[in-house]
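Each remark here refers to the structure printed beneath this line.
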Amino acid sequence: MRLTTEMFFQLNLYKDILDHCNDGINVVDTHGILVYVNEISANYVNLTREEMLGRPITDFYPAAVLLAVLKNRQPILDKKIHFVAPKKYAVNSYPIFKDGEFLGAFSVFKDIQELDELNRKIKHLEMQVSLNKPEEDMNNVVHLGTMRDIFKQAKKIVGSLGGPRHSIITGESGTGKTMLANLIYNYAKKIGVIGQDAPFIEVNCAQFTNPDIAAMEIFGSVEGAYTGSKKKKGLFEQANGGVLFLDEAHTIEKYQNLLLKAIESGKIRRIGDTREVDINVIIIAASTKNLNEVFLPELYQRLGQYEMYLPALRERSPEEKEGLFRYFVRKYEEAVWKSRKIDYHVIFTPEAHDALLSAVYPRNIRQFRDVINYSIDASSPLIEDIQDKKEITTIVELKHIPFEITDALEEKSLHRLPEVKNKITPVVEKQIAIMQAQGMGARKISKGLQYMGYDIPYYKVAYYCKKQTENK
Ligand SMILES: Nc1ncnc2c1ncn2[C@@H]1O[C@H](COP(=O)(O)OP(=O)(O)OP(=O)(O)O)[C@@H](O)[C@H]1O
Ligand SMILES: [Mg+2]
């Protein structure tokens, strides 16, 4: 016997199919009484179908979209519903008409809790990736004050006619050494000194506990060079044609000679090998220590022709700190845009802004960045409260800043509230300047001020801004 379309309907096979499909299905009459429920739908509310049939749908699904369809006789598509949290489903509902007569409605729904959670996790990850993604271009990071000269020098290292040179970057932890090494590499690629697919090999020299293993990792080895050693390409060879970034370079004391030889001859020999391999690598050595005191003088001379010292955050000018502050705030706003397509505006109250900029950061720019991100996180709305908003403004206040920072401030400055609410006081002026620097126009600034409890109409802000530019 062959299955035909007629048989399919005669045998009511579609009922079996509805029972076995992965989505929940409910059908109601014009009074909202259930006339059909499939297995999935019954399971969803932990009941049997028999317990549900003939009863109002609202007994089981209090927010049933079907009720609205019964009322309006129009389909409702892709409506997302929170059942009892955290259960969540997406539903499509349609009216049922037969020969023009309205008979009821049916809905097909899909459990999206898992999907939703997965989506949330992906968005969170996207946000983190975006926040921590290293910049590729020197022009995109903060190049004010000291950094301006450092970037000039960095460009010379790879871009001067004499050819790319090796270099040393020193500075306390979190001052931007790894970032600078990456920027140098990208610049070298940009100007064609190295190929577009040139490698950037980063080695944390402090990770090796044993100097022999370190030497094999860096220079490679042949089988049996040491007990159990294998034939292996070293990091030097892997970096051929590109950049070898030796981080924590002060810990390489034991194999400085090998390094010096490699630099002088342009060749390396794998540990235990007799053959030499040509290498063409730009070395960038970074350290929190003064390498002049640690390295062999010849090695220091070879690498340190270009030495760049990255000052600690406390040694940088207020202008540069302000630049970094704005940079991280902008990065946060961009990350929200990238992961959620929300136009996000972050505004700091003058108290919060001053507290952040005057605090002490032993772990330098990295800690500064983390504290800024943390404070914005703390002031931001919950994801479940955002709903479908496309534009959000958040105000970061003193209370959002981590304790370790605010504790260091004087008690009296903690609760300094603005007394005058409708005048452009010096505090407001400062706030306007911050928002202007973030590229906000008068309307947005006025709205931002409103969030902060000030009542200054946009035309007043516009007038003030105009006067400011005229006076410049
Ligand atoms: N001029 C700058 N503009 C923008 N961001 C910066 C600047 N300098 C540093 N940063 C940021 O500061 C953070 C810390 O920098 P990085 O990791 O390069 O420091 P580091 O000196 O390598 O630290 P460590 O010694 O701990 O390895 C990074 O997020 C980096 O992007
Ligand atoms: Mg680093």
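FYI, nothing fancy with the structure tokens labels: chains A, B, ... in order, residues from 1 per chain, ligands from 1 as they appear.
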Practice problem: Give the residues close to ligand 1, within 10 Å, counting only C-alpha atoms and all ligand atoms; write them as a PyMOL selection string. | Solution: chain A and resi 131-135+138-148+150-151+169-183+204+247-248+286-288+310-313+320-321+323-328+331+363-370
Spatial neighbours of range 89-93 of chain A, 8 Å, only C-alpha atoms, chain gap at least 5 places, as a VMD selection string:
chain A and resid 65 to 66 69 75 to 83 105 to 113
Among the residues A:Leu161, A:Ile268, A:Ala42, A:Ala206, the one that comes closest to ligand 2 [using only C-alpha atoms and all ligand atoms]:
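Looking at the shortest contact to ligand 2, the residue is A:Ala206.
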inquiry  = For Glu298 in chain A, find every residue with an atom within 12 Å (counting only C-alpha atoms), except residues of its own chain fewer than 6 positions away, and show them as JSON, numbers by chain.
reply    = {"A": [256, 257, 259, 260, 261, 263, 264, 291, 292, 304, 305]}
Self-check item: Residue neighbourhood Val28 in chain A, 10 Å, only C-alpha atoms, exclusion window fewer than 5 positions, as a list in words
Solution: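 Surrounding residues, per the criterion: Ile33, Leu34, Val35, Tyr36, Val37, Leu53, Gly54, Arg55, Pro56, Ile57, Leu66, Leu67, Leu70, Pro95, Ile96, Leu103, Gly104, Ala105, Phe106 and Ser107 of chain A.
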With only C-alpha atoms as the atoms that count, which of A:Glu429, A:Glu470, A:Glu307, A:Glu333 lies nearest to Ile157 in chain A?
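Result for the nearest residue to Ile157 in chain A: A:Glu307.
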Using the chain letters and numbers from this document, which residues of range 208-430 of chain A does DSSP assign to alpha helix (DSSP H), as a JSON list (two decimals) with N, CA and C atoms, in the first residue's frame?
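Output (selection_39.json):
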[["chain", "number", "residue", "atom", "x", "y", "z"],
["A", 211, "PRO", "N", 65.69, 26.62, 32.92],
["A", 211, "PRO", "CA", 66.32, 27.35, 31.80],
["A", 211, "PRO", "C", 66.59, 26.48, 30.57],
["A", 212, "ASP", "N", 66.85, 25.17, 30.77],
["A", 212, "ASP", "CA", 67.09, 24.29, 29.62],
["A", 212, "ASP", "C", 65.82, 24.14, 28.79],
["A", 213, "ILE", "N", 64.70, 24.00, 29.49],
["A", 213, "ILE", "CA", 63.42, 23.87, 28.77],
["A", 213, "ILE", "C", 63.12, 25.18, 28.04],
["A", 214, "ALA", "N", 63.41, 26.29, 28.74],
["A", 214, "ALA", "CA", 63.17, 27.60, 28.13],
["A", 214, "ALA", "C", 63.96, 27.72, 26.83],
["A", 215, "ALA", "N", 65.23, 27.34, 26.88],
["A", 215, "ALA", "CA", 66.08, 27.45, 25.68],
["A", 215, "ALA", "C", 65.53, 26.58, 24.56],
["A", 216, "MET", "N", 65.05, 25.37, 24.89],
["A", 216, "MET", "CA", 64.49, 24.50, 23.84],
["A", 216, "MET", "C", 63.20, 25.07, 23.26],
["A", 217, "GLU", "N", 62.41, 25.68, 24.12],
["A", 217, "GLU", "CA", 61.15, 26.26, 23.64],
["A", 217, "GLU", "C", 61.46, 27.42, 22.68],
["A", 218, "ILE", "N", 62.44, 28.20, 23.04],
["A", 218, "ILE", "CA", 62.72, 29.40, 22.25],
["A", 218, "ILE", "C", 63.54, 29.09, 21.00],
["A", 219, "PHE", "N", 64.54, 28.24, 21.16],
["A", 219, "PHE", "CA", 65.41, 27.98, 20.01],
["A", 219, "PHE", "C", 65.09, 26.67, 19.29],
["A", 235, "LEU", "N", 60.29, 28.95, 19.16],
["A", 235, "LEU", "CA", 59.48, 30.14, 18.94],
["A", 235, "LEU", "C", 60.18, 31.14, 18.02],
["A", 236, "PHE", "N", 61.52, 31.12, 18.08],
["A", 236, "PHE", "CA", 62.30, 32.00, 17.20],
["A", 236, "PHE", "C", 61.96, 31.70, 15.74],
["A", 237, "GLU", "N", 62.01, 30.42, 15.41],
["A", 237, "GLU", "CA", 61.71, 30.03, 14.02],
["A", 237, "GLU", "C", 60.26, 30.33, 13.67],
["A", 238, "GLN", "N", 59.38, 30.12, 14.65],
["A", 238, "GLN", "CA", 57.96, 30.40, 14.39],
["A", 238, "GLN", "C", 57.73, 31.89, 14.10],
["A", 256, "GLN", "N", 71.05, 34.17, 27.71],
["A", 256, "GLN", "CA", 71.35, 35.45, 27.05],
["A", 256, "GLN", "C", 72.38, 35.28, 25.93],
["A", 257, "ASN", "N", 73.33, 34.38, 26.17],
["A", 257, "ASN", "CA", 74.38, 34.16, 25.16],
["A", 257, "ASN", "C", 73.81, 33.66, 23.84],
["A", 258, "LEU", "N", 72.86, 32.72, 23.97],
["A", 258, "LEU", "CA", 72.23, 32.16, 22.76],
["A", 258, "LEU", "C", 71.48, 33.26, 22.01],
["A", 259, "LEU", "N", 70.84, 34.09, 22.77],
["A", 259, "LEU", "CA", 70.04, 35.16, 22.18],
["A", 259, "LEU", "C", 70.96, 36.15, 21.45],
["A", 260, "LEU", "N", 72.04, 36.50, 22.12],
["A", 260, "LEU", "CA", 72.99, 37.43, 21.53],
["A", 260, "LEU", "C", 73.56, 36.88, 20.22],
["A", 261, "LYS", "N", 73.91, 35.60, 20.24],
["A", 261, "LYS", "CA", 74.45, 34.96, 19.06],
["A", 261, "LYS", "C", 73.45, 35.00, 17.91],
["A", 262, "ALA", "N", 72.22, 34.70, 18.24],
["A", 262, "ALA", "CA", 71.16, 34.68, 17.22],
["A", 262, "ALA", "C", 71.02, 36.07, 16.60],
["A", 263, "ILE", "N", 71.06, 37.09, 17.44],
["A", 263, "ILE", "CA", 70.88, 38.45, 16.94],
["A", 263, "ILE", "C", 72.08, 38.86, 16.07],
["A", 264, "GLU", "N", 73.27, 38.51, 16.55],
["A", 264, "GLU", "CA", 74.46, 38.92, 15.80],
["A", 264, "GLU", "C", 74.61, 38.21, 14.47],
["A", 265, "SER", "N", 74.29, 36.91, 14.45],
["A", 265, "SER", "CA", 74.54, 36.14, 13.23],
["A", 265, "SER", "C", 73.34, 36.07, 12.31],
["A", 297, "PRO", "N", 76.13, 43.31, 28.75],
["A", 297, "PRO", "CA", 76.23, 44.62, 28.10],
["A", 297, "PRO", "C", 76.05, 44.54, 26.58],
["A", 298, "GLU", "N", 76.63, 43.50, 25.94],
["A", 298, "GLU", "CA", 76.50, 43.39, 24.46],
["A", 298, "GLU", "C", 75.05, 43.19, 24.05],
["A", 299, "LEU", "N", 74.35, 42.36, 24.84],
["A", 299, "LEU", "CA", 72.95, 42.08, 24.49],
["A", 299, "LEU", "C", 72.12, 43.35, 24.67],
["A", 300, "TYR", "N", 72.39, 44.04, 25.78],
["A", 300, "TYR", "CA", 71.64, 45.27, 26.04],
["A", 300, "TYR", "C", 71.88, 46.28, 24.92],
["A", 301, "GLN", "N", 73.13, 46.34, 24.49],
["A", 301, "GLN", "CA", 73.48, 47.30, 23.44],
["A", 301, "GLN", "C", 72.75, 46.97, 22.13],
["A", 302, "ARG", "N", 72.67, 45.68, 21.83],
["A", 302, "ARG", "CA", 72.02, 45.24, 20.61],
["A", 302, "ARG", "C", 70.51, 45.53, 20.60],
["A", 303, "LEU", "N", 69.90, 45.23, 21.75],
["A", 303, "LEU", "CA", 68.43, 45.37, 21.80],
["A", 303, "LEU", "C", 67.99, 46.77, 22.18],
["A", 318, "PRO", "N", 47.40, 65.31, 33.76],
["A", 318, "PRO", "CA", 45.94, 65.22, 33.89],
["A", 318, "PRO", "C", 45.27, 65.11, 32.51],
["A", 319, "GLU", "N", 45.86, 65.78, 31.53],
["A", 319, "GLU", "CA", 45.30, 65.75, 30.17],
["A", 319, "GLU", "C", 45.31, 64.32, 29.61],
["A", 320, "GLU", "N", 46.42, 63.64, 29.86],
["A", 320, "GLU", "CA", 46.54, 62.27, 29.35],
["A", 320, "GLU", "C", 45.59, 61.32, 30.10],
["A", 321, "LYS", "N", 45.49, 61.53, 31.41],
["A", 321, "LYS", "CA", 44.58, 60.69, 32.20],
["A", 321, "LYS", "C", 43.14, 60.88, 31.72],
["A", 322, "GLU", "N", 42.82, 62.14, 31.47],
["A", 322, "GLU", "CA", 41.48, 62.46, 31.00],
["A", 322, "GLU", "C", 41.24, 61.77, 29.65],
["A", 323, "GLY", "N", 42.27, 61.79, 28.81],
["A", 323, "GLY", "CA", 42.17, 61.14, 27.50],
["A", 323, "GLY", "C", 41.93, 59.65, 27.66],
["A", 324, "LEU", "N", 42.64, 59.04, 28.59],
["A", 324, "LEU", "CA", 42.46, 57.60, 28.82],
["A", 324, "LEU", "C", 41.06, 57.32, 29.36],
["A", 325, "PHE", "N", 40.63, 58.19, 30.27],
["A", 325, "PHE", "CA", 39.28, 58.04, 30.84],
["A", 325, "PHE", "C", 38.23, 58.03, 29.73],
["A", 326, "ARG", "N", 38.31, 59.02, 28.87],
["A", 326, "ARG", "CA", 37.32, 59.12, 27.78],
["A", 326, "ARG", "C", 37.42, 57.94, 26.83],
["A", 327, "TYR", "N", 38.66, 57.53, 26.61],
["A", 327, "TYR", "CA", 38.88, 56.41, 25.70],
["A", 327, "TYR", "C", 38.16, 55.15, 26.22],
["A", 328, "PHE", "N", 38.31, 54.86, 27.51],
["A", 328, "PHE", "CA", 37.70, 53.64, 28.05],
["A", 328, "PHE", "C", 36.18, 53.75, 28.10],
["A", 329, "VAL", "N", 35.68, 54.97, 28.37],
["A", 329, "VAL", "CA", 34.23, 55.14, 28.38],
["A", 329, "VAL", "C", 33.68, 54.91, 26.97],
["A", 330, "ARG", "N", 34.39, 55.47, 25.99],
["A", 330, "ARG", "CA", 33.95, 55.30, 24.60],
["A", 330, "ARG", "C", 33.98, 53.82, 24.19],
["A", 331, "LYS", "N", 35.05, 53.15, 24.63],
["A", 331, "LYS", "CA", 35.16, 51.72, 24.31],
["A", 331, "LYS", "C", 33.97, 50.95, 24.87],
["A", 332, "TYR", "N", 33.55, 51.34, 26.07],
["A", 332, "TYR", "CA", 32.41, 50.67, 26.69],
["A", 332, "TYR", "C", 31.14, 50.91, 25.86],
["A", 333, "GLU", "N", 30.95, 52.17, 25.49],
["A", 333, "GLU", "CA", 29.76, 52.49, 24.70],
["A", 333, "GLU", "C", 29.77, 51.73, 23.38],
["A", 334, "GLU", "N", 30.95, 51.66, 22.78],
["A", 334, "GLU", "CA", 31.06, 50.94, 21.50],
["A", 334, "GLU", "C", 30.80, 49.45, 21.68],
["A", 335, "ALA", "N", 31.28, 48.91, 22.81],
["A", 335, "ALA", "CA", 31.08, 47.48, 23.06],
["A", 335, "ALA", "C", 29.58, 47.18, 23.21],
["A", 336, "VAL", "N", 28.84, 48.08, 23.86],
["A", 336, "VAL", "CA", 27.40, 47.86, 24.00],
["A", 336, "VAL", "C", 26.74, 47.94, 22.62],
["A", 337, "TRP", "N", 27.21, 48.85, 21.83],
["A", 337, "TRP", "CA", 26.64, 48.98, 20.49],
["A", 337, "TRP", "C", 26.92, 47.71, 19.69],
["A", 338, "LYS", "N", 28.16, 47.24, 19.76],
["A", 338, "LYS", "CA", 28.52, 46.06, 18.98],
["A", 338, "LYS", "C", 27.76, 44.82, 19.43],
["A", 339, "SER", "N", 27.59, 44.64, 20.74],
["A", 339, "SER", "CA", 26.97, 43.40, 21.19],
["A", 339, "SER", "C", 25.45, 43.49, 21.24],
["A", 340, "ARG", "N", 24.89, 44.68, 21.44],
["A", 340, "ARG", "CA", 23.43, 44.75, 21.60],
["A", 340, "ARG", "C", 22.72, 45.75, 20.69],
["A", 350, "PRO", "N", 30.20, 64.85, 38.15],
["A", 350, "PRO", "CA", 31.52, 65.45, 38.39],
["A", 350, "PRO", "C", 32.23, 64.79, 39.57],
["A", 351, "GLU", "N", 31.45, 64.43, 40.61],
["A", 351, "GLU", "CA", 32.07, 63.79, 41.80],
["A", 351, "GLU", "C", 32.69, 62.46, 41.41],
["A", 352, "ALA", "N", 31.94, 61.67, 40.63],
["A", 352, "ALA", "CA", 32.43, 60.34, 40.25],
["A", 352, "ALA", "C", 33.66, 60.49, 39.34],
["A", 353, "HIS", "N", 33.57, 61.43, 38.42],
["A", 353, "HIS", "CA", 34.66, 61.69, 37.49],
["A", 353, "HIS", "C", 35.93, 62.07, 38.24],
["A", 354, "ASP", "N", 35.77, 63.02, 39.19],
["A", 354, "ASP", "CA", 36.95, 63.48, 39.93],
["A", 354, "ASP", "C", 37.52, 62.37, 40.80],
["A", 355, "ALA", "N", 36.62, 61.59, 41.39],
["A", 355, "ALA", "CA", 37.09, 60.50, 42.26],
["A", 355, "ALA", "C", 37.93, 59.52, 41.45],
["A", 356, "LEU", "N", 37.43, 59.18, 40.28],
["A", 356, "LEU", "CA", 38.16, 58.21, 39.44],
["A", 356, "LEU", "C", 39.51, 58.74, 39.01],
["A", 357, "LEU", "N", 39.53, 60.04, 38.66],
["A", 357, "LEU", "CA", 40.79, 60.58, 38.14],
["A", 357, "LEU", "C", 41.81, 60.88, 39.22],
["A", 358, "SER", "N", 41.33, 61.08, 40.45],
["A", 358, "SER", "CA", 42.31, 61.42, 41.48],
["A", 358, "SER", "C", 42.76, 60.20, 42.28],
["A", 364, "ASN", "N", 48.25, 50.56, 37.46],
["A", 364, "ASN", "CA", 48.27, 51.47, 36.32],
["A", 364, "ASN", "C", 47.06, 51.43, 35.40],
["A", 365, "ILE", "N", 47.32, 51.57, 34.09],
["A", 365, "ILE", "CA", 46.22, 51.78, 33.15],
["A", 365, "ILE", "C", 45.25, 50.59, 33.14],
["A", 366, "ARG", "N", 45.80, 49.39, 33.35],
["A", 366, "ARG", "CA", 44.90, 48.23, 33.35],
["A", 366, "ARG", "C", 43.88, 48.35, 34.48],
["A", 367, "GLN", "N", 44.37, 48.76, 35.66],
["A", 367, "GLN", "CA", 43.47, 48.89, 36.81],
["A", 367, "GLN", "C", 42.49, 50.05, 36.60],
["A", 368, "PHE", "N", 43.00, 51.12, 36.03],
["A", 368, "PHE", "CA", 42.16, 52.30, 35.72],
["A", 368, "PHE", "C", 41.01, 51.85, 34.80],
["A", 369, "ARG", "N", 41.37, 51.11, 33.78],
["A", 369, "ARG", "CA", 40.38, 50.58, 32.83],
["A", 369, "ARG", "C", 39.35, 49.71, 33.56],
["A", 370, "ASP", "N", 39.85, 48.79, 34.40],
["A", 370, "ASP", "CA", 38.94, 47.88, 35.09],
["A", 370, "ASP", "C", 38.00, 48.62, 36.03],
["A", 371, "VAL", "N", 38.52, 49.63, 36.73],
["A", 371, "VAL", "CA", 37.67, 50.38, 37.66],
["A", 371, "VAL", "C", 36.60, 51.16, 36.89],
["A", 372, "ILE", "N", 36.98, 51.74, 35.75],
["A", 372, "ILE", "CA", 36.00, 52.46, 34.93],
["A", 372, "ILE", "C", 34.92, 51.49, 34.45],
["A", 373, "ASN", "N", 35.35, 50.36, 33.92],
["A", 373, "ASN", "CA", 34.37, 49.38, 33.43],
["A", 373, "ASN", "C", 33.47, 48.89, 34.56],
["A", 374, "TYR", "N", 34.06, 48.65, 35.70],
["A", 374, "TYR", "CA", 33.28, 48.16, 36.84],
["A", 374, "TYR", "C", 32.23, 49.21, 37.24],
["A", 375, "SER", "N", 32.65, 50.47, 37.29],
["A", 375, "SER", "CA", 31.73, 51.53, 37.71],
["A", 375, "SER", "C", 30.57, 51.66, 36.72],
["A", 376, "ILE", "N", 30.89, 51.55, 35.43],
["A", 376, "ILE", "CA", 29.81, 51.65, 34.43],
["A", 376, "ILE", "C", 28.88, 50.44, 34.58],
["A", 377, "ASP", "N", 29.47, 49.27, 34.77],
["A", 377, "ASP", "CA", 28.65, 48.06, 35.00],
["A", 377, "ASP", "C", 27.67, 48.31, 36.14],
["A", 378, "ALA", "N", 28.22, 48.87, 37.23],
["A", 378, "ALA", "CA", 27.41, 49.04, 38.43],
["A", 378, "ALA", "C", 26.25, 50.02, 38.21],
["A", 379, "SER", "N", 26.44, 50.97, 37.32],
["A", 379, "SER", "CA", 25.38, 51.96, 37.11],
["A", 379, "SER", "C", 24.41, 51.53, 36.01],
["A", 383, "ILE", "N", 19.85, 43.73, 32.17],
["A", 383, "ILE", "CA", 19.49, 43.36, 30.81],
["A", 383, "ILE", "C", 17.98, 43.15, 30.69],
["A", 384, "GLU", "N", 17.39, 42.50, 31.72],
["A", 384, "GLU", "CA", 15.95, 42.20, 31.60],
["A", 384, "GLU", "C", 15.09, 43.46, 31.65],
["A", 385, "ASP", "N", 15.67, 44.57, 32.14],
["A", 385, "ASP", "CA", 14.90, 45.81, 32.17],
["A", 385, "ASP", "C", 15.06, 46.65, 30.90],
["A", 386, "ILE", "N", 15.97, 46.25, 30.05],
["A", 386, "ILE", "CA", 16.24, 47.05, 28.86],
["A", 386, "ILE", "C", 15.13, 46.91, 27.83],
["A", 403, "PHE", "N", 34.77, 50.53, 46.28],
["A", 403, "PHE", "CA", 35.16, 51.11, 47.58],
["A", 403, "PHE", "C", 36.60, 51.53, 47.64],
["A", 404, "GLU", "N", 37.48, 50.63, 47.19],
["A", 404, "GLU", "CA", 38.92, 50.90, 47.32],
["A", 404, "GLU", "C", 39.29, 52.28, 46.78],
["A", 405, "ILE", "N", 38.53, 52.76, 45.79],
["A", 405, "ILE", "CA", 38.83, 54.06, 45.22],
["A", 405, "ILE", "C", 38.22, 55.17, 46.06],
["A", 406, "THR", "N", 36.92, 55.01, 46.37],
["A", 406, "THR", "CA", 36.24, 56.10, 47.09],
["A", 406, "THR", "C", 36.69, 56.20, 48.54],
["A", 411, "GLU", "N", 35.93, 62.35, 53.36],
["A", 411, "GLU", "CA", 34.53, 62.12, 53.68],
["A", 411, "GLU", "C", 33.63, 63.24, 53.15],
["A", 412, "LYS", "N", 34.11, 64.46, 53.32],
["A", 412, "LYS", "CA", 33.23, 65.59, 52.99],
["A", 412, "LYS", "C", 32.90, 65.67, 51.50],
["A", 413, "SER", "N", 33.80, 65.21, 50.69],
["A", 413, "SER", "CA", 33.52, 65.33, 49.26],
["A", 413, "SER", "C", 32.58, 64.23, 48.79],
["A", 414, "LEU", "N", 32.34, 63.26, 49.68],
["A", 414, "LEU", "CA", 31.54, 62.12, 49.26],
["A", 414, "LEU", "C", 30.09, 62.46, 48.95],
["A", 426, "PRO", "N", 29.58, 76.08, 38.02],
["A", 426, "PRO", "CA", 30.85, 75.49, 37.57],
["A", 426, "PRO", "C", 30.79, 73.96, 37.49],
["A", 427, "VAL", "N", 30.05, 73.34, 38.40],
["A", 427, "VAL", "CA", 29.92, 71.87, 38.37],
["A", 427, "VAL", "C", 29.23, 71.44, 37.07],
["A", 428, "VAL", "N", 28.17, 72.17, 36.73],
["A", 428, "VAL", "CA", 27.43, 71.85, 35.50],
["A", 428, "VAL", "C", 28.32, 72.11, 34.28],
["A", 429, "GLU", "N", 29.07, 73.19, 34.34],
["A", 429, "GLU", "CA", 29.98, 73.52, 33.22],
["A", 429, "GLU", "C", 30.92, 72.35, 32.94],
["A", 430, "LYS", "N", 31.43, 71.81, 34.03],
["A", 430, "LYS", "CA", 32.37, 70.71, 33.89],
["A", 430, "LYS", "C", 31.67, 69.50, 33.27]]
How would you write, as a short mmCIF file (atom, residue, chain, number, x, y, z; two decimals) with N, CA and C atoms, in the first residue's frame, the set of residues in range 31-73 of chain A that DSSP gives as strand (DSSP E)?
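Saved as states_15.cif:
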data_model
loop_
_atom_site.label_atom_id
_atom_site.label_comp_id
_atom_site.auth_asym_id
_atom_site.auth_seq_id
_atom_site.Cartn_x
_atom_site.Cartn_y
_atom_site.Cartn_z
N LEU A 34 -9.80 25.05 25.79
CA LEU A 34 -8.86 24.23 25.02
C LEU A 34 -9.58 23.06 24.34
N VAL A 35 -9.39 22.97 23.04
CA VAL A 35 -9.98 21.83 22.32
C VAL A 35 -8.89 20.88 21.81
N TYR A 36 -7.67 21.37 21.81
CA TYR A 36 -6.56 20.49 21.47
C TYR A 36 -5.29 21.01 22.15
N VAL A 37 -4.53 20.07 22.68
CA VAL A 37 -3.24 20.40 23.30
C VAL A 37 -2.29 19.29 22.89
#
* Asked: Could you name the residues that touch Ile445 in chain A at 12 Å or less, counting only C-alpha atoms, but leaving out those on the same chain fewer than 2 positions away, as JSON, numbers by chain?
  -> {"A": [345, 346, 347, 393, 428, 429, 430, 431, 432, 433, 434, 435, 436, 437, 438, 439, 440, 441, 442, 443, 447, 448, 449, 450, 451, 452, 454, 455, 456, 457, 458, 459, 460, 461, 462, 464, 465]}
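The closest residue to ligand 2, picked from A:Ile40, A:Arg49, A:Gly162, A:Ala249 and counting only C-alpha atoms and all ligand atoms, is A:Ala249.
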Can you tell me how far CA of Asn38 in chain A sits from CA of Tyr14 in chain A, in Å to one decimal?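 These two atoms are separated by 11.7 Å.
For the residues A:Cys21, A:Leu11, A:Met52, A:Ala239, ranking by smallest atom-to-atom distance to Ile279 in chain A using only C-alpha atoms places A:Ala239 first.
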(request) Have a look at A:Asn26, A:Ile424, A:Cys205, A:Gly242 and name the one nearest to ligand 2; count only C-alpha atoms and all ligand atoms. (result)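 Closest to ligand 2, using only C-alpha atoms and all ligand atoms: A:Cys205.
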Quiz prompt | Residue among A:Gln74, A:Ala285, A:Ala63, A:Tyr361 lying closest to ligand 2, counting only C-alpha atoms and all ligand atoms | solution =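 Between A:Gln74, A:Ala285, A:Ala63, A:Tyr361, the residue approaching ligand 2 most closely is A:Ala285.
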If you measure from CA of Ala154 in chain A to CA of Ile184 in chain A, what distance in Å do you get, rounded to one decimal?
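Computing the Euclidean distance for CA of Ala154 in chain A and CA of Ile184 in chain A yields 6.3 Å.
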